[in-house]
Every structure is written in structure tokens, then in C-alpha cells.
>>> print(open('coords_29.cif').read())   # mmCIF, C-alpha atoms
data_model
loop_
_atom_site.label_atom_id
_atom_site.label_comp_id
_atom_site.auth_asym_id
_atom_site.auth_seq_id
_atom_site.Cartn_x
_atom_site.Cartn_y
_atom_site.Cartn_z
CA MET A 287 -2.18 20.78 48.91
CA ARG A 288 -5.56 21.53 47.36
CA ARG A 289 -3.95 22.50 44.05
CA PHE A 290 -1.91 19.27 44.08
CA MET A 291 -5.05 17.16 44.63
CA MET A 292 -6.90 18.96 41.82
CA THR A 293 -3.97 18.44 39.46
CA LEU A 294 -3.67 14.80 40.46
CA THR A 295 -7.40 14.26 39.91
CA ALA A 296 -7.29 15.92 36.49
CA MET A 297 -4.29 13.83 35.45
CA THR A 298 -5.97 10.64 36.65
CA VAL A 299 -9.13 11.41 34.68
CA ALA A 300 -7.09 12.19 31.56
CA ALA A 301 -4.98 9.04 31.87
CA THR A 302 -8.05 6.89 32.48
CA THR A 303 -9.79 8.36 29.44
CA LEU A 304 -6.75 7.71 27.24
CA PHE A 305 -6.39 4.18 28.55
CA LEU A 306 -10.06 3.32 28.00
CA THR A 307 -10.19 4.72 24.48
CA ALA A 308 -6.76 3.54 23.28
CA ASN A 309 -7.94 0.07 22.22
CA VAL A 310 -11.26 1.11 20.74
CA ALA A 311 -11.47 1.77 17.02
CA SER A 312 -13.28 4.96 16.23
CA ALA A 313 -15.73 5.31 13.38
CA ASP A 314 -13.18 7.46 11.56
CA GLU A 315 -10.55 4.69 11.77
CA ILE A 316 -13.01 2.17 10.38
CA ASP A 317 -14.07 4.50 7.58
CA ASP A 318 -10.44 5.34 6.74
CA TYR A 319 -9.54 1.64 6.68
CA ARG A 320 -12.59 0.83 4.56
CA ASP A 321 -11.66 3.56 2.07
CA ALA A 322 -8.04 2.43 1.87
CA MET A 323 -8.85 -1.25 1.51
CA ARG A 324 -11.69 -0.75 -0.97
CA SER A 325 -9.13 -0.09 -3.70
CA PHE A 326 -6.29 -2.18 -2.24
CA SER A 327 -8.21 -5.41 -1.64
CA PRO A 328 -8.70 -6.17 -5.38
CA VAL A 329 -4.95 -5.68 -5.92
CA ILE A 330 -4.25 -8.28 -3.23
CA GLN A 331 -6.86 -10.67 -4.64
CA ASP A 332 -5.46 -10.33 -8.16
CA TRP A 333 -1.92 -11.00 -6.95
CA VAL A 334 -2.96 -14.13 -5.00
CA ALA A 335 -4.79 -15.37 -8.11
CA GLU A 336 -1.71 -14.60 -10.22
CA VAL A 337 0.46 -16.77 -7.96
CA ASP A 338 -2.06 -19.60 -8.26
CA GLU A 339 -2.16 -19.26 -12.05
CA ALA A 340 1.65 -19.29 -12.21
CA ALA A 341 1.76 -22.45 -10.12
CA GLU A 342 -0.83 -24.16 -12.30
CA ALA A 343 0.95 -23.06 -15.49
CA SER A 344 4.27 -24.38 -14.15
CA LEU A 345 2.80 -27.89 -14.13
CA ALA A 346 2.59 -27.70 -17.93
CA LYS A 347 5.68 -25.55 -18.44
CA PRO A 348 8.25 -26.13 -15.66
CA GLU A 349 10.58 -23.55 -17.21
CA LEU A 350 8.26 -20.84 -15.86
CA LEU A 351 9.66 -21.50 -12.38
CA THR A 352 12.98 -19.93 -13.39
CA SER A 353 11.50 -17.00 -15.29
CA ASP A 354 12.11 -13.37 -14.44
CA GLU A 355 8.35 -12.81 -14.42
CA LEU A 356 7.94 -15.13 -11.43
CA ALA A 357 10.71 -13.29 -9.56
CA HIS A 358 9.09 -9.93 -10.33
CA MET A 359 5.72 -11.28 -9.22
CA ALA A 360 7.27 -12.42 -5.92
CA MET A 361 8.80 -8.98 -5.34
CA ARG A 362 5.44 -7.35 -6.07
CA GLY A 363 3.93 -9.61 -3.42
CA GLN A 364 6.53 -8.52 -0.90
CA ARG A 365 5.74 -4.87 -1.65
CA ILE A 366 2.02 -5.54 -1.26
CA ALA A 367 2.68 -7.18 2.12
CA ARG A 368 4.79 -4.20 3.25
CA ASP A 369 2.08 -1.76 2.14
CA LEU A 370 -0.52 -3.78 4.00
CA GLU A 371 1.64 -3.78 7.13
CA GLY A 372 1.64 0.02 6.96
CA THR A 373 -2.16 0.16 6.88
CA MET A 374 -3.58 0.30 10.39
CA ALA A 375 -6.47 -2.13 10.73
CA PRO A 376 -9.18 -1.28 13.23
CA GLY A 377 -9.65 -3.45 16.33
CA ALA A 378 -11.03 -6.84 15.34
CA LEU A 379 -9.42 -6.83 11.89
CA ALA A 380 -5.87 -6.34 13.15
CA ASP A 381 -5.34 -10.07 13.66
CA ALA A 382 -6.86 -10.95 10.28
CA GLN A 383 -4.64 -8.40 8.58
CA ALA A 384 -1.52 -9.67 10.37
CA GLU A 385 -2.32 -13.22 9.23
CA LEU A 386 -2.91 -11.94 5.69
CA VAL A 387 0.49 -10.21 5.70
CA THR A 388 2.14 -13.45 6.85
CA ALA A 389 0.35 -15.45 4.14
CA LEU A 390 1.38 -12.94 1.45
CA ASN A 391 4.99 -13.08 2.60
CA ASP A 392 4.84 -16.89 2.53
CA LEU A 393 3.43 -16.86 -1.01
CA ALA A 394 6.15 -14.45 -2.14
CA ALA A 395 8.85 -16.59 -0.50
CA ALA A 396 7.50 -19.70 -2.22
CA ALA A 397 7.53 -17.89 -5.57
CA LEU A 398 11.14 -16.75 -5.01
CA ALA A 399 12.21 -20.28 -4.10
CA ALA A 400 10.26 -21.86 -6.97
CA GLY A 401 13.30 -21.94 -9.26
CA ASP A 402 14.90 -24.55 -7.00
CA ALA A 403 11.74 -26.68 -6.73
CA SER A 404 9.62 -28.89 -8.90
CA PRO A 405 6.27 -27.58 -10.15
CA GLU A 406 4.48 -29.97 -7.79
CA ALA A 407 6.50 -28.70 -4.83
CA PHE A 408 5.64 -25.09 -5.78
CA VAL A 409 1.93 -25.95 -5.98
CA ASN A 410 2.14 -27.65 -2.58
CA ALA A 411 4.13 -24.75 -1.07
CA ILE A 412 1.52 -22.17 -1.97
CA ALA A 413 -1.57 -24.22 -1.04
CA GLU A 414 -1.77 -23.34 2.66
CA PRO A 415 -0.74 -19.65 2.50
CA GLN A 416 -3.10 -19.16 -0.44
CA ALA A 417 -6.01 -20.63 1.53
CA VAL A 418 -5.17 -18.41 4.52
CA ALA A 419 -4.84 -15.32 2.32
CA GLU A 420 -8.18 -15.96 0.65
CA ALA A 421 -9.93 -16.59 3.98
CA LYS A 422 -8.49 -13.43 5.56
CA LEU A 423 -9.37 -11.38 2.50
CA ARG A 424 -12.97 -12.59 2.75
CA GLN A 425 -13.01 -11.59 6.41
CA ILE A 426 -11.61 -8.14 5.66
CA ASN A 427 -13.89 -7.67 2.65
CA ALA A 428 -16.92 -8.37 4.81
CA LEU A 429 -16.24 -4.95 6.36
CA VAL A 430 -14.66 -3.22 3.39
CA LEU A 431 -17.32 -3.97 0.82
CA ARG A 432 -20.20 -3.28 3.15
CA ALA A 433 -21.62 0.12 2.40
CA PRO A 434 -21.10 2.70 5.11
CA ARG A 435 -24.17 3.60 7.08
CA ALA A 436 -26.07 6.46 5.59
CA PRO A 437 -27.05 9.22 7.97
CA ILE A 438 -30.64 9.15 9.08
CA THR A 439 -32.65 11.93 7.52
CA ILE A 440 -36.23 12.78 8.24
CA PRO A 441 -37.96 14.55 5.40
CA VAL A 442 -39.60 17.74 6.51
CA SER A 443 -42.61 18.82 4.56
CA PRO A 444 -42.75 22.47 3.69
CA VAL A 445 -45.05 24.59 5.77
CA THR A 446 -47.86 25.97 3.69
CA GLY A 447 -49.99 28.83 4.97
CA ASN A 448 -51.76 29.07 8.28
#
>>> encode(input="coords_29.cif", output="C-alpha cells")
Amino acid sequence: MRRFMMTLTAMTVAATTLFLTANVASADEIDDYRDAMRSFSPVIQDWVAEVDEAAEASLAKPELLTSDELAHMAMRGQRIARDLEGTMAPGALADAQAELVTALNDLAAAALAAGDASPEAFVNAIAEPQAVAEAKLRQINALVLRAPRAPITIPVSPVTGN
């Protein structure tokens, strides 16, 4: 009976520890995410800007809506969204990242459907997801672009003679 109680106590402590730490992002997770997003965030920003530029250009040249370049751009956006889904965001950024993925997928869908729409409809279709994507990128970049904390070092003066 004593062995059973000791085993039960040990299992309870282990389960409680796992439960309490499961939803807490460790410093390593934050640093890993920061490192991954430091190079990936500009790619996302450039793609969102590219969609906006394509929409603006389509107002002057509607034939751009049926171009292969727009379809390739949309597929690149879908790949970016899938890559971002595979990147585990720490704690508080998980919701922002999920909303960013949704916005990127919406932008890519609008670009794929642009061939069947007018330039004005394409501009209107990307307005909201573009605003969401830019806002979520700013939120993520607030962590990503912030320099990691440097370790505290205390200079030690050399000991000279007695």
C-alpha cells in the first residue's frame, strides 16, 4: 500500500507539473520564434505589399487581373500562409499569428479570384485582409524586432598585488 501511495503521489506531482507548464511559453520558444520570424517577417511584408501594388496597378491595366504573374503571386501567398501555420507561435502571439494566416489566405484567395472580378472589386476584396495582415505583422514584429535581452555581466577588475 505504501508503494502504491508513493507512486500515486509521484505521478500526481508529475502530471501537475506538466499541466501547469504546458501553456507557458519558455524563453527558448520565444527565442526560437524570434529567430525564425526575424527573416520570415520581411518576406510576408513584401508579399502583402506586392498584392497591394498589383491591385493598384490593375486599376490602370485591368488585363493584369488575368495574368499568370498574379496567379503565381497568389500561390506564393498560400505557401507563405502554410509555412506560417507550421511555425509555432509562443503564448500571446498564437492568436495574432492565426489571424495573420487567415488574412494571408484571404489575400491569396482574392488574388486567385481576381480574373473574374473588376479591378475595383479586387481592390475592395483585399482591403480588409490587408489591414488585418499589416496590423498582425506589427504586433508580431513588436516581439520579433526587439533585441533579445543581453545577459547581465559585472566587470571584475583584476586583482593587483597585496
>>> residues_near_point(input="coords_29.cif", point="(-0.6, -19.1, -7.0)", cutoff="8 Å", atoms="only C-alpha atoms", output="VMD selection string")
chain A and resid 334 to 342 393 409 412 to 413 416
>>> atom_distance(input="coords_29.cif", atom1="CA of Leu345 (chain A)", atom2="CA of Glu414 (chain A)")
18.0 Å
>>> atom_distance(input="coords_29.cif", atom1="CA of Ala346 (chain A)", atom2="CA of Glu420 (chain A)")
24.5 Å
>>> resolve_selection(input="coords_29.cif", expression="the PyMOL selection byres ((chain A and resi 421) around 12)", output="CSV table (one decimal) with C-alpha atoms, in the frame of the given file")
chain,number,residue,atom,x,y,z
A,331,GLN,CA,-6.9,-10.7,-4.6
A,334,VAL,CA,-3.0,-14.1,-5.0
A,382,ALA,CA,-6.9,-11.0,10.3
A,383,GLN,CA,-4.6,-8.4,8.6
A,385,GLU,CA,-2.3,-13.2,9.2
A,386,LEU,CA,-2.9,-11.9,5.7
A,389,ALA,CA,0.4,-15.4,4.1
A,414,GLU,CA,-1.8,-23.3,2.7
A,415,PRO,CA,-0.7,-19.6,2.5
A,416,GLN,CA,-3.1,-19.2,-0.4
A,417,ALA,CA,-6.0,-20.6,1.5
A,418,VAL,CA,-5.2,-18.4,4.5
A,419,ALA,CA,-4.8,-15.3,2.3
A,420,GLU,CA,-8.2,-16.0,0.6
A,422,LYS,CA,-8.5,-13.4,5.6
A,423,LEU,CA,-9.4,-11.4,2.5
A,424,ARG,CA,-13.0,-12.6,2.8
A,425,GLN,CA,-13.0,-11.6,6.4
A,426,ILE,CA,-11.6,-8.1,5.7
A,427,ASN,CA,-13.9,-7.7,2.6
A,428,ALA,CA,-16.9,-8.4,4.8
>>> resolve_selection(input="coords_29.cif", expression="the PyMOL selection byres ((chain A and resi 327) around 10)", output="list of chain:residue names")
A:Arg320, A:Ala322, A:Met323, A:Arg324, A:Ser325, A:Phe326, A:Pro328, A:Val329, A:Ile330, A:Gln331, A:Asp332, A:Trp333, A:Leu370, A:Leu423, A:Arg424, A:Ile426, A:Asn427, A:Val430, A:Leu431
>>> atom_distance(input="coords_29.cif", atom1="CA of Glu315 (chain A)", atom2="CA of Ala375 (chain A)")
8.0 Å
>>> residues_around(input="coords_29.cif", residues="region 361-369 of chain A", least_positions_apart="2", cutoff="7 Å", atoms="only C-alpha atoms", output="list of chain:residue names")
A:Trp333, A:Ala357, A:His358, A:Met359, A:Glu371, A:Gly372, A:Thr373, A:Val387, A:Leu390, A:Asn391, A:Ala394
>>> residues_near_point(input="coords_29.cif", point="(11.1, -25.0, -13.8)", cutoff="12 Å", atoms="all atoms listed in the file", output="list in words")
Ala340, Ala341, Ala343, Ser344, Leu345, Ala346, Lys347, Pro348, Glu349, Leu350, Leu351, Thr352, Ser353, Asp354, Leu356, Ala397, Ala399, Ala400, Gly401, Asp402, Ala403, Ser404, Pro405, Glu406, Ala407 and Phe408 of chain A
>>> axis_aligned_box(input="coords_29.cif", around="region 395-403 of chain A", padding_each_side="8 Å", output="JSON")
{"center_x": 11.2, "center_y": -21.6, "center_z": -4.9, "size_x": 23.4, "size_y": 26.1, "size_z": 24.8}
>>> closest_residue(input="coords_29.cif", among="A:Ile440, A:Ala384, A:Leu398, A:Met374", to="Glu355 (chain A)", atoms="all atoms listed in the file")
A:Leu398
